[in-house]
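Structure file run_7.pdb; described as PDB, C-alpha atoms.
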```pdb
ATOM      1  CA  ALA K  19    -194.658 -77.341   2.348  1.00  0.00           C
ATOM      2  CA  GLN K  20    -194.233 -74.455  -0.044  1.00  0.00           C
ATOM      3  CA  LYS K  21    -196.116 -71.383   0.943  1.00  0.00           C
ATOM      4  CA  VAL K  22    -196.137 -69.824  -2.516  1.00  0.00           C
ATOM      5  CA  THR K  23    -196.507 -71.878  -5.675  1.00  0.00           C
ATOM      6  CA  GLN K  24    -196.052 -70.781  -9.266  1.00  0.00           C
ATOM      7  CA  THR K  25    -196.710 -73.722 -11.553  1.00  0.00           C
ATOM      8  CA  GLN K  26    -195.883 -72.020 -14.850  1.00  0.00           C
ATOM      9  CA  THR K  27    -192.164 -72.300 -15.469  1.00  0.00           C
ATOM     10  CA  SER K  28    -192.124 -70.344 -18.709  1.00  0.00           C
ATOM     11  CA  ILE K  29    -194.628 -68.492 -20.884  1.00  0.00           C
ATOM     12  CA  SER K  30    -194.116 -67.069 -24.374  1.00  0.00           C
ATOM     13  CA  VAL K  31    -196.473 -64.449 -25.765  1.00  0.00           C
ATOM     14  CA  MET K  32    -196.591 -62.153 -28.744  1.00  0.00           C
ATOM     15  CA  GLU K  33    -195.903 -58.508 -28.167  1.00  0.00           C
ATOM     16  CA  LYS K  34    -198.942 -56.344 -27.411  1.00  0.00           C
ATOM     17  CA  THR K  35    -201.023 -59.239 -26.152  1.00  0.00           C
ATOM     18  CA  THR K  36    -202.227 -59.929 -22.605  1.00  0.00           C
ATOM     19  CA  VAL K  37    -200.672 -62.550 -20.350  1.00  0.00           C
ATOM     20  CA  THR K  38    -201.724 -63.961 -17.005  1.00  0.00           C
ATOM     21  CA  MET K  39    -199.305 -65.578 -14.580  1.00  0.00           C
ATOM     22  CA  ASP K  40    -200.659 -67.792 -11.842  1.00  0.00           C
ATOM     23  CA  CYS K  41    -199.777 -67.954  -8.179  1.00  0.00           C
ATOM     24  CA  VAL K  42    -201.347 -69.734  -5.227  1.00  0.00           C
ATOM     25  CA  TYR K  43    -200.330 -69.374  -1.607  1.00  0.00           C
ATOM     26  CA  GLU K  44    -200.865 -70.948   1.786  1.00  0.00           C
ATOM     27  CA  THR K  45    -201.249 -69.126   5.049  1.00  0.00           C
ATOM     28  CA  GLN K  46    -202.987 -69.453   8.377  1.00  0.00           C
ATOM     29  CA  ASP K  47    -202.976 -65.702   8.898  1.00  0.00           C
ATOM     30  CA  SER K  48    -206.174 -63.767   8.369  1.00  0.00           C
ATOM     31  CA  SER K  49    -204.179 -60.763   7.233  1.00  0.00           C
ATOM     32  CA  TYR K  50    -201.324 -60.924   4.759  1.00  0.00           C
ATOM     33  CA  PHE K  51    -199.757 -59.121   1.832  1.00  0.00           C
ATOM     34  CA  LEU K  52    -199.110 -60.376  -1.663  1.00  0.00           C
ATOM     35  CA  PHE K  53    -196.531 -58.993  -4.040  1.00  0.00           C
ATOM     36  CA  TRP K  54    -195.254 -59.465  -7.529  1.00  0.00           C
ATOM     37  CA  TYR K  55    -191.642 -58.745  -8.342  1.00  0.00           C
ATOM     38  CA  LYS K  56    -189.825 -58.862 -11.640  1.00  0.00           C
ATOM     39  CA  GLN K  57    -186.233 -60.003 -12.022  1.00  0.00           C
ATOM     40  CA  THR K  58    -184.565 -58.667 -15.136  1.00  0.00           C
ATOM     41  CA  ALA K  59    -181.819 -60.334 -17.124  1.00  0.00           C
ATOM     42  CA  SER K  60    -179.254 -58.295 -15.184  1.00  0.00           C
ATOM     43  CA  GLY K  61    -180.578 -59.770 -11.934  1.00  0.00           C
ATOM     44  CA  GLU K  62    -182.226 -56.606 -10.711  1.00  0.00           C
ATOM     45  CA  ILE K  63    -185.372 -57.243  -8.658  1.00  0.00           C
ATOM     46  CA  VAL K  64    -188.110 -54.710  -9.191  1.00  0.00           C
ATOM     47  CA  PHE K  65    -191.294 -54.372  -7.197  1.00  0.00           C
ATOM     48  CA  LEU K  66    -194.358 -54.284  -9.441  1.00  0.00           C
ATOM     49  CA  ILE K  67    -197.601 -54.434  -7.508  1.00  0.00           C
ATOM     50  CA  ARG K  68    -199.115 -55.541  -4.211  1.00  0.00           C
ATOM     51  CA  GLN K  69    -202.441 -56.705  -2.865  1.00  0.00           C
ATOM     52  CA  ASP K  70    -203.398 -56.451   0.794  1.00  0.00           C
ATOM     53  CA  SER K  71    -205.580 -59.376   1.825  1.00  0.00           C
ATOM     54  CA  TYR K  72    -208.240 -57.212   3.423  1.00  0.00           C
ATOM     55  CA  LYS K  73    -208.841 -55.260   0.217  1.00  0.00           C
ATOM     56  CA  LYS K  74    -211.501 -56.649  -2.070  1.00  0.00           C
ATOM     57  CA  GLU K  75    -210.628 -54.495  -5.053  1.00  0.00           C
ATOM     58  CA  ASN K  76    -207.965 -55.872  -7.363  1.00  0.00           C
ATOM     59  CA  ALA K  77    -204.838 -53.727  -7.450  1.00  0.00           C
ATOM     60  CA  THR K  78    -203.821 -52.055 -10.696  1.00  0.00           C
ATOM     61  CA  VAL K  79    -200.607 -50.208 -11.520  1.00  0.00           C
ATOM     62  CA  GLY K  80    -199.958 -49.136 -15.080  1.00  0.00           C
ATOM     63  CA  HIS K  81    -200.301 -52.168 -17.318  1.00  0.00           C
ATOM     64  CA  TYR K  82    -200.098 -54.560 -14.370  1.00  0.00           C
ATOM     65  CA  SER K  83    -203.205 -55.747 -12.584  1.00  0.00           C
ATOM     66  CA  LEU K  84    -204.027 -58.522 -10.177  1.00  0.00           C
ATOM     67  CA  ASN K  85    -206.734 -61.148 -10.109  1.00  0.00           C
ATOM     68  CA  PHE K  86    -207.123 -61.754  -6.385  1.00  0.00           C
ATOM     69  CA  GLN K  87    -209.342 -64.708  -5.566  1.00  0.00           C
ATOM     70  CA  LYS K  88    -209.152 -65.015  -1.806  1.00  0.00           C
ATOM     71  CA  PRO K  89    -211.301 -68.161  -1.441  1.00  0.00           C
ATOM     72  CA  LYS K  90    -208.937 -69.919  -3.826  1.00  0.00           C
ATOM     73  CA  SER K  91    -205.797 -68.413  -2.233  1.00  0.00           C
ATOM     74  CA  SER K  92    -204.871 -67.210  -5.672  1.00  0.00           C
ATOM     75  CA  ILE K  93    -203.198 -64.021  -6.876  1.00  0.00           C
ATOM     76  CA  GLY K  94    -202.700 -63.900 -10.615  1.00  0.00           C
ATOM     77  CA  LEU K  95    -200.688 -61.186 -12.345  1.00  0.00           C
ATOM     78  CA  ILE K  96    -202.106 -59.802 -15.564  1.00  0.00           C
ATOM     79  CA  ILE K  97    -199.955 -57.808 -17.938  1.00  0.00           C
ATOM     80  CA  THR K  98    -201.822 -56.089 -20.732  1.00  0.00           C
ATOM     81  CA  ALA K  99    -200.269 -54.823 -23.968  1.00  0.00           C
ATOM     82  CA  THR K 100    -197.023 -56.657 -23.289  1.00  0.00           C
ATOM     83  CA  GLN K 101    -193.770 -55.099 -24.444  1.00  0.00           C
ATOM     84  CA  ILE K 102    -190.436 -56.650 -25.274  1.00  0.00           C
ATOM     85  CA  GLU K 103    -188.971 -55.179 -22.109  1.00  0.00           C
ATOM     86  CA  ASP K 104    -191.497 -57.136 -20.041  1.00  0.00           C
ATOM     87  CA  SER K 105    -189.411 -60.224 -20.756  1.00  0.00           C
ATOM     88  CA  ALA K 106    -188.139 -61.270 -17.322  1.00  0.00           C
ATOM     89  CA  VAL K 107    -188.725 -63.717 -14.508  1.00  0.00           C
ATOM     90  CA  TYR K 108    -191.748 -62.850 -12.400  1.00  0.00           C
ATOM     91  CA  PHE K 109    -191.886 -63.828  -8.756  1.00  0.00           C
ATOM     92  CA  CYS K 110    -194.959 -63.949  -6.604  1.00  0.00           C
ATOM     93  CA  ALA K 111    -194.359 -63.399  -2.894  1.00  0.00           C
ATOM     94  CA  MET K 112    -196.328 -63.361   0.311  1.00  0.00           C
ATOM     95  CA  ARG K 113    -195.741 -61.665   3.594  1.00  0.00           C
ATOM     96  CA  GLU K 114    -197.728 -62.712   6.629  1.00  0.00           C
ATOM     97  CA  GLU K 115    -198.753 -60.232   9.243  1.00  0.00           C
ATOM     98  CA  GLY K 116    -198.231 -62.587  12.178  1.00  0.00           C
ATOM     99  CA  GLY K 117    -196.037 -61.287  14.962  1.00  0.00           C
ATOM    100  CA  SER K 118    -193.137 -63.604  14.289  1.00  0.00           C
ATOM    101  CA  ALA K 119    -193.013 -62.928  10.586  1.00  0.00           C
ATOM    102  CA  LEU K 120    -191.433 -59.490  10.766  1.00  0.00           C
ATOM    103  CA  GLY K 121    -191.613 -58.805   7.115  1.00  0.00           C
ATOM    104  CA  ARG K 122    -190.256 -62.090   5.859  1.00  0.00           C
ATOM    105  CA  LEU K 123    -191.237 -62.713   2.237  1.00  0.00           C
ATOM    106  CA  HIS K 124    -191.979 -66.179   0.932  1.00  0.00           C
ATOM    107  CA  PHE K 125    -191.218 -66.373  -2.767  1.00  0.00           C
ATOM    108  CA  GLY K 126    -192.544 -68.627  -5.473  1.00  0.00           C
ATOM    109  CA  ALA K 127    -190.217 -70.354  -7.902  1.00  0.00           C
ATOM    110  CA  GLY K 128    -190.835 -67.756 -10.600  1.00  0.00           C
ATOM    111  CA  THR K 129    -192.293 -67.710 -14.089  1.00  0.00           C
ATOM    112  CA  GLN K 130    -190.142 -66.725 -17.028  1.00  0.00           C
ATOM    113  CA  LEU K 131    -191.994 -64.503 -19.460  1.00  0.00           C
ATOM    114  CA  ILE K 132    -190.736 -64.264 -23.022  1.00  0.00           C
ATOM    115  CA  VAL K 133    -192.319 -61.558 -25.152  1.00  0.00           C
ATOM    116  CA  ILE K 134    -191.878 -62.230 -28.864  1.00  0.00           C
ATOM    117  CA  PRO K 135    -191.786 -59.288 -31.282  1.00  0.00           C
TER     118      PRO K 135
ATOM    119  CA  GLY O 229    -187.472 -45.171  -6.762  1.00  0.00           C
ATOM    120  CA  PRO O 230    -185.554 -45.859  -3.578  1.00  0.00           C
ATOM    121  CA  LYS O 231    -182.298 -47.684  -4.099  1.00  0.00           C
ATOM    122  CA  VAL O 232    -180.507 -50.328  -2.121  1.00  0.00           C
ATOM    123  CA  LEU O 233    -176.828 -50.547  -2.979  1.00  0.00           C
ATOM    124  CA  GLN O 234    -174.742 -53.668  -2.657  1.00  0.00           C
ATOM    125  CA  ILE O 235    -170.985 -54.017  -2.703  1.00  0.00           C
ATOM    126  CA  PRO O 236    -169.337 -55.997  -4.226  1.00  0.00           C
ATOM    127  CA  SER O 237    -171.375 -57.054  -7.219  1.00  0.00           C
ATOM    128  CA  HIS O 238    -169.253 -60.159  -7.610  1.00  0.00           C
ATOM    129  CA  GLN O 239    -166.692 -61.842  -5.392  1.00  0.00           C
ATOM    130  CA  ILE O 240    -164.658 -64.970  -6.023  1.00  0.00           C
ATOM    131  CA  ILE O 241    -162.961 -66.581  -3.051  1.00  0.00           C
ATOM    132  CA  ASP O 242    -161.431 -69.864  -2.017  1.00  0.00           C
ATOM    133  CA  MET O 243    -163.341 -72.215   0.225  1.00  0.00           C
ATOM    134  CA  GLY O 244    -162.577 -71.567   3.864  1.00  0.00           C
ATOM    135  CA  GLN O 245    -161.925 -67.875   3.436  1.00  0.00           C
ATOM    136  CA  MET O 246    -164.032 -65.160   4.971  1.00  0.00           C
ATOM    137  CA  VAL O 247    -166.251 -62.868   2.936  1.00  0.00           C
ATOM    138  CA  THR O 248    -168.202 -59.774   3.854  1.00  0.00           C
ATOM    139  CA  LEU O 249    -171.054 -58.575   1.701  1.00  0.00           C
ATOM    140  CA  ASN O 250    -172.080 -54.970   2.158  1.00  0.00           C
ATOM    141  CA  CYS O 251    -175.457 -53.340   1.809  1.00  0.00           C
ATOM    142  CA  ASP O 252    -176.433 -49.702   1.922  1.00  0.00           C
ATOM    143  CA  PRO O 253    -180.192 -49.769   2.570  1.00  0.00           C
ATOM    144  CA  VAL O 254    -182.731 -47.072   1.762  1.00  0.00           C
ATOM    145  CA  SER O 255    -182.024 -44.201   4.122  1.00  0.00           C
ATOM    146  CA  ASN O 256    -185.182 -44.111   6.260  1.00  0.00           C
ATOM    147  CA  HIS O 257    -185.781 -47.840   6.313  1.00  0.00           C
ATOM    148  CA  LEU O 258    -185.674 -49.692   9.592  1.00  0.00           C
ATOM    149  CA  TYR O 259    -185.803 -53.348   8.625  1.00  0.00           C
ATOM    150  CA  PHE O 260    -183.079 -55.120   6.736  1.00  0.00           C
ATOM    151  CA  TYR O 261    -182.970 -58.527   5.123  1.00  0.00           C
ATOM    152  CA  TRP O 262    -180.694 -60.937   3.343  1.00  0.00           C
ATOM    153  CA  TYR O 263    -181.983 -63.406   0.787  1.00  0.00           C
ATOM    154  CA  LYS O 264    -180.064 -66.110  -1.047  1.00  0.00           C
ATOM    155  CA  GLN O 265    -180.697 -67.140  -4.626  1.00  0.00           C
ATOM    156  CA  ILE O 266    -179.003 -70.116  -6.207  1.00  0.00           C
ATOM    157  CA  LEU O 267    -178.865 -69.836  -9.981  1.00  0.00           C
ATOM    158  CA  GLY O 268    -182.251 -70.366 -11.578  1.00  0.00           C
ATOM    159  CA  GLN O 269    -184.064 -70.854  -8.293  1.00  0.00           C
ATOM    160  CA  GLN O 270    -186.305 -68.756  -6.103  1.00  0.00           C
ATOM    161  CA  MET O 271    -185.003 -66.385  -3.519  1.00  0.00           C
ATOM    162  CA  GLU O 272    -184.900 -67.779  -0.031  1.00  0.00           C
ATOM    163  CA  PHE O 273    -184.995 -65.835   3.189  1.00  0.00           C
ATOM    164  CA  LEU O 274    -181.888 -65.877   5.339  1.00  0.00           C
ATOM    165  CA  VAL O 275    -182.323 -63.293   8.057  1.00  0.00           C
ATOM    166  CA  ASN O 276    -183.974 -60.077   9.071  1.00  0.00           C
ATOM    167  CA  PHE O 277    -182.534 -57.398  11.292  1.00  0.00           C
ATOM    168  CA  TYR O 278    -184.075 -54.562  13.229  1.00  0.00           C
ATOM    169  CA  ASN O 279    -182.849 -52.174  15.858  1.00  0.00           C
ATOM    170  CA  GLY O 280    -179.422 -53.719  15.937  1.00  0.00           C
ATOM    171  CA  LYS O 281    -180.662 -57.264  16.381  1.00  0.00           C
ATOM    172  CA  VAL O 282    -181.421 -60.359  14.393  1.00  0.00           C
ATOM    173  CA  MET O 283    -185.183 -60.814  14.626  1.00  0.00           C
ATOM    174  CA  GLU O 284    -185.619 -63.988  12.654  1.00  0.00           C
ATOM    175  CA  LYS O 285    -183.380 -66.367  10.769  1.00  0.00           C
ATOM    176  CA  SER O 286    -184.023 -69.368   8.582  1.00  0.00           C
ATOM    177  CA  LYS O 287    -182.366 -72.772   8.535  1.00  0.00           C
ATOM    178  CA  LEU O 288    -180.180 -71.495   5.703  1.00  0.00           C
ATOM    179  CA  PHE O 289    -178.578 -69.012   8.076  1.00  0.00           C
ATOM    180  CA  LYS O 290    -175.798 -71.267   9.274  1.00  0.00           C
ATOM    181  CA  ASP O 291    -173.586 -70.687  12.298  1.00  0.00           C
ATOM    182  CA  GLN O 292    -170.898 -69.463   9.924  1.00  0.00           C
ATOM    183  CA  PHE O 293    -173.122 -66.528   8.967  1.00  0.00           C
ATOM    184  CA  SER O 294    -173.395 -63.285  10.883  1.00  0.00           C
ATOM    185  CA  VAL O 295    -174.967 -59.906  10.266  1.00  0.00           C
ATOM    186  CA  GLU O 296    -174.480 -56.496  11.741  1.00  0.00           C
ATOM    187  CA  ARG O 297    -174.921 -52.825  11.058  1.00  0.00           C
ATOM    188  CA  PRO O 298    -172.277 -51.021  13.080  1.00  0.00           C
ATOM    189  CA  ASP O 299    -173.114 -47.375  13.803  1.00  0.00           C
ATOM    190  CA  GLY O 300    -175.729 -47.108  11.084  1.00  0.00           C
ATOM    191  CA  SER O 301    -173.250 -47.802   8.331  1.00  0.00           C
ATOM    192  CA  TYR O 302    -173.425 -50.728   5.948  1.00  0.00           C
ATOM    193  CA  PHE O 303    -175.612 -53.677   6.808  1.00  0.00           C
ATOM    194  CA  THR O 304    -173.228 -56.584   6.360  1.00  0.00           C
ATOM    195  CA  LEU O 305    -173.421 -60.311   5.867  1.00  0.00           C
ATOM    196  CA  LYS O 306    -170.271 -62.126   6.877  1.00  0.00           C
ATOM    197  CA  ILE O 307    -169.576 -65.739   6.088  1.00  0.00           C
ATOM    198  CA  GLN O 308    -166.662 -67.320   7.927  1.00  0.00           C
ATOM    199  CA  PRO O 309    -165.533 -69.822   6.834  1.00  0.00           C
ATOM    200  CA  THR O 310    -167.133 -70.130   3.403  1.00  0.00           C
ATOM    201  CA  ALA O 311    -168.185 -73.450   1.889  1.00  0.00           C
ATOM    202  CA  LEU O 312    -168.823 -74.476  -1.718  1.00  0.00           C
ATOM    203  CA  GLU O 313    -172.580 -74.468  -1.145  1.00  0.00           C
ATOM    204  CA  ASP O 314    -172.437 -70.811  -0.223  1.00  0.00           C
ATOM    205  CA  SER O 315    -172.003 -69.962  -3.901  1.00  0.00           C
ATOM    206  CA  ALA O 316    -175.110 -67.967  -4.803  1.00  0.00           C
ATOM    207  CA  VAL O 317    -176.366 -64.461  -5.325  1.00  0.00           C
ATOM    208  CA  TYR O 318    -177.101 -62.720  -2.072  1.00  0.00           C
ATOM    209  CA  PHE O 319    -179.726 -60.009  -2.152  1.00  0.00           C
ATOM    210  CA  CYS O 320    -180.059 -57.353   0.479  1.00  0.00           C
ATOM    211  CA  ALA O 321    -183.440 -55.721   1.004  1.00  0.00           C
ATOM    212  CA  SER O 322    -184.871 -53.074   3.254  1.00  0.00           C
ATOM    213  CA  SER O 323    -188.302 -51.854   4.244  1.00  0.00           C
ATOM    214  CA  TRP O 324    -189.708 -49.038   6.302  1.00  0.00           C
ATOM    215  CA  GLY O 325    -191.922 -51.266   8.385  1.00  0.00           C
ATOM    216  CA  ALA O 326    -192.103 -54.958   9.119  1.00  0.00           C
ATOM    217  CA  ASN O 327    -195.635 -55.391   7.930  1.00  0.00           C
ATOM    218  CA  THR O 328    -196.180 -52.301   5.846  1.00  0.00           C
ATOM    219  CA  GLY O 329    -194.839 -51.473   2.467  1.00  0.00           C
ATOM    220  CA  GLN O 330    -192.814 -53.562   0.168  1.00  0.00           C
ATOM    221  CA  LEU O 331    -189.220 -54.628   0.319  1.00  0.00           C
ATOM    222  CA  TYR O 332    -186.729 -52.849  -1.884  1.00  0.00           C
ATOM    223  CA  PHE O 333    -183.966 -55.054  -3.155  1.00  0.00           C
ATOM    224  CA  GLY O 334    -180.404 -54.373  -4.120  1.00  0.00           C
ATOM    225  CA  GLU O 335    -178.946 -55.758  -7.323  1.00  0.00           C
ATOM    226  CA  GLY O 336    -177.325 -58.647  -5.562  1.00  0.00           C
ATOM    227  CA  SER O 337    -173.814 -59.772  -4.732  1.00  0.00           C
ATOM    228  CA  LYS O 338    -172.746 -62.845  -6.618  1.00  0.00           C
ATOM    229  CA  LEU O 339    -170.513 -65.027  -4.491  1.00  0.00           C
ATOM    230  CA  THR O 340    -168.446 -67.763  -6.076  1.00  0.00           C
ATOM    231  CA  VAL O 341    -166.655 -70.110  -3.708  1.00  0.00           C
ATOM    232  CA  LEU O 342    -163.970 -72.236  -5.322  1.00  0.00           C
TER     233      LEU O 342
END
```
What does this structure look like when you write it as structure tokens?
Amino acid sequence: AQKVTQTQTSISVMEKTTVTMDCVYETQDSSYFLFWYKQTASGEIVFLIRQDSYKKENATVGHYSLNFQKPKSSIGLIITATQIEDSAVYFCAMREEGGSALGRLHFGAGTQLIVIP
Amino acid sequence: GPKVLQIPSHQIIDMGQMVTLNCDPVSNHLYFYWYKQILGQQMEFLVNFYNGKVMEKSKLFKDQFSVERPDGSYFTLKIQPTALEDSAVYFCASSWGANTGQLYFGEGSKLTVL
């Protein structure tokens, strides 16, 4: 079974609007870490933002913020005031804290974001 | 930010040949990883490496795969012999801790097996 699920394959938005990308995850661990990465057209993978499961406050970095709903095992990425250069594929990922995990990331299938000028 | 360097960026080889993909991780990082991404799909974990040893590997990490980091130099992924299904982009990543901090990824090495 997939541990991280992104159901939105592709989203198109107008520049300067707000977009939300969905992600749900599965884990038995009580402590885990959630990440969003962006993969640009060149293939580069860039870390954007993280949420530690024990933190109740939603993480925010620049124009990225998270909607962490722990009871729903959901970690949505919100991008406000989108820019053309935000066009990329966005991956949600989870890292479990369990002893055998050793930092292994489970990735979702990705959501392609297209920002239209 | 911190950079992970990968060499080569693209390699084309014939099936059955050996290939070595090189990774120069972030200098103070202790954990190293290889991920495989087939075109248009998600990245999938292959292996992680710490203190000179493989700590965990996935089912994708076939017997033909091996990793090492001799004398603190490049962290390498060797495939010998290669198969057609090994064609993919291989991403190296590193992190300071196993359960702290995020992974930093290289730009990937695209492997094409003919």
Would you tabulate, counting only C-alpha atoms, all residues of chain K that have an atom at most 8 Å from an atom of chain O, showing the closest pair of atoms and their distance in Å to one decimal, sorted by chain then ascending number, as a tab-separated table?
```
residue	atom	partner	partner_atom	distance
K:Phe53	CA	O:Gln330	CA	7.8
K:Gly61	CA	O:Glu335	CA	6.3
K:Glu62	CA	O:Glu335	CA	4.8
K:Ile63	CA	O:Phe333	CA	6.1
K:Val64	CA	O:Phe333	CA	7.3
K:Phe65	CA	O:Tyr332	CA	7.2
K:Arg68	CA	O:Gln330	CA	7.9
K:Phe109	CA	O:Gln270	CA	7.9
K:Arg113	CA	O:Asn327	CA	7.6
K:Glu114	CA	O:Asn327	CA	7.7
K:Glu115	CA	O:Asn327	CA	5.9
K:Ser118	CA	O:Glu284	CA	7.7
K:Ala119	CA	O:Glu284	CA	7.8
K:Leu120	CA	O:Ala326	CA	4.9
K:Gly121	CA	O:Ala326	CA	4.4
K:Arg122	CA	O:Phe273	CA	7.0
K:Leu123	CA	O:Phe273	CA	7.0
K:His124	CA	O:Glu272	CA	7.3
K:Phe125	CA	O:Met271	CA	6.3
K:Gly126	CA	O:Gln270	CA	6.3
K:Ala127	CA	O:Gln270	CA	4.6
K:Gly128	CA	O:Gln270	CA	6.5
```
Subject >> Reference answer for the PyMOL selection byres ((chain O and resi 308) around 6), as a VMD selection string >> reply: chain O and resid 246 292 307 309 to 310
Give, as lines of an AutoDock Vina configuration file, the centre coordinates and the x, y and z edge lengths in Å to one decimal for an axis-aligned box around all listed atoms of segment 271-290 of chain O, padded by 6 Å on each side.
```
center_x = -180.7
center_y = -62.5
center_z = 6.4
size_x = 21.8
size_y = 32.6
size_z = 31.9
```
Original post:
Could you name the residues that touch segment 40-44 of chain K at 9 Å or less, counting all atoms listed in the file, but leaving out those on the same chain fewer than 6 positions away, as an MDAnalysis selection string?
Top reply: chainID K and resid 19:26 90:96 109:112 126 129
**OP:** Take the point (-198.3, -51.2, -14.4) in the file's coordinates, draw a sphere of radius 12 Å around it, and report as a ChimeraX atom specification every protein, DNA or RNA residue with an atom inside or on it, counting all atoms listed in the file.
**Re:** /K:54-56,64-68,77-84,95-101,104
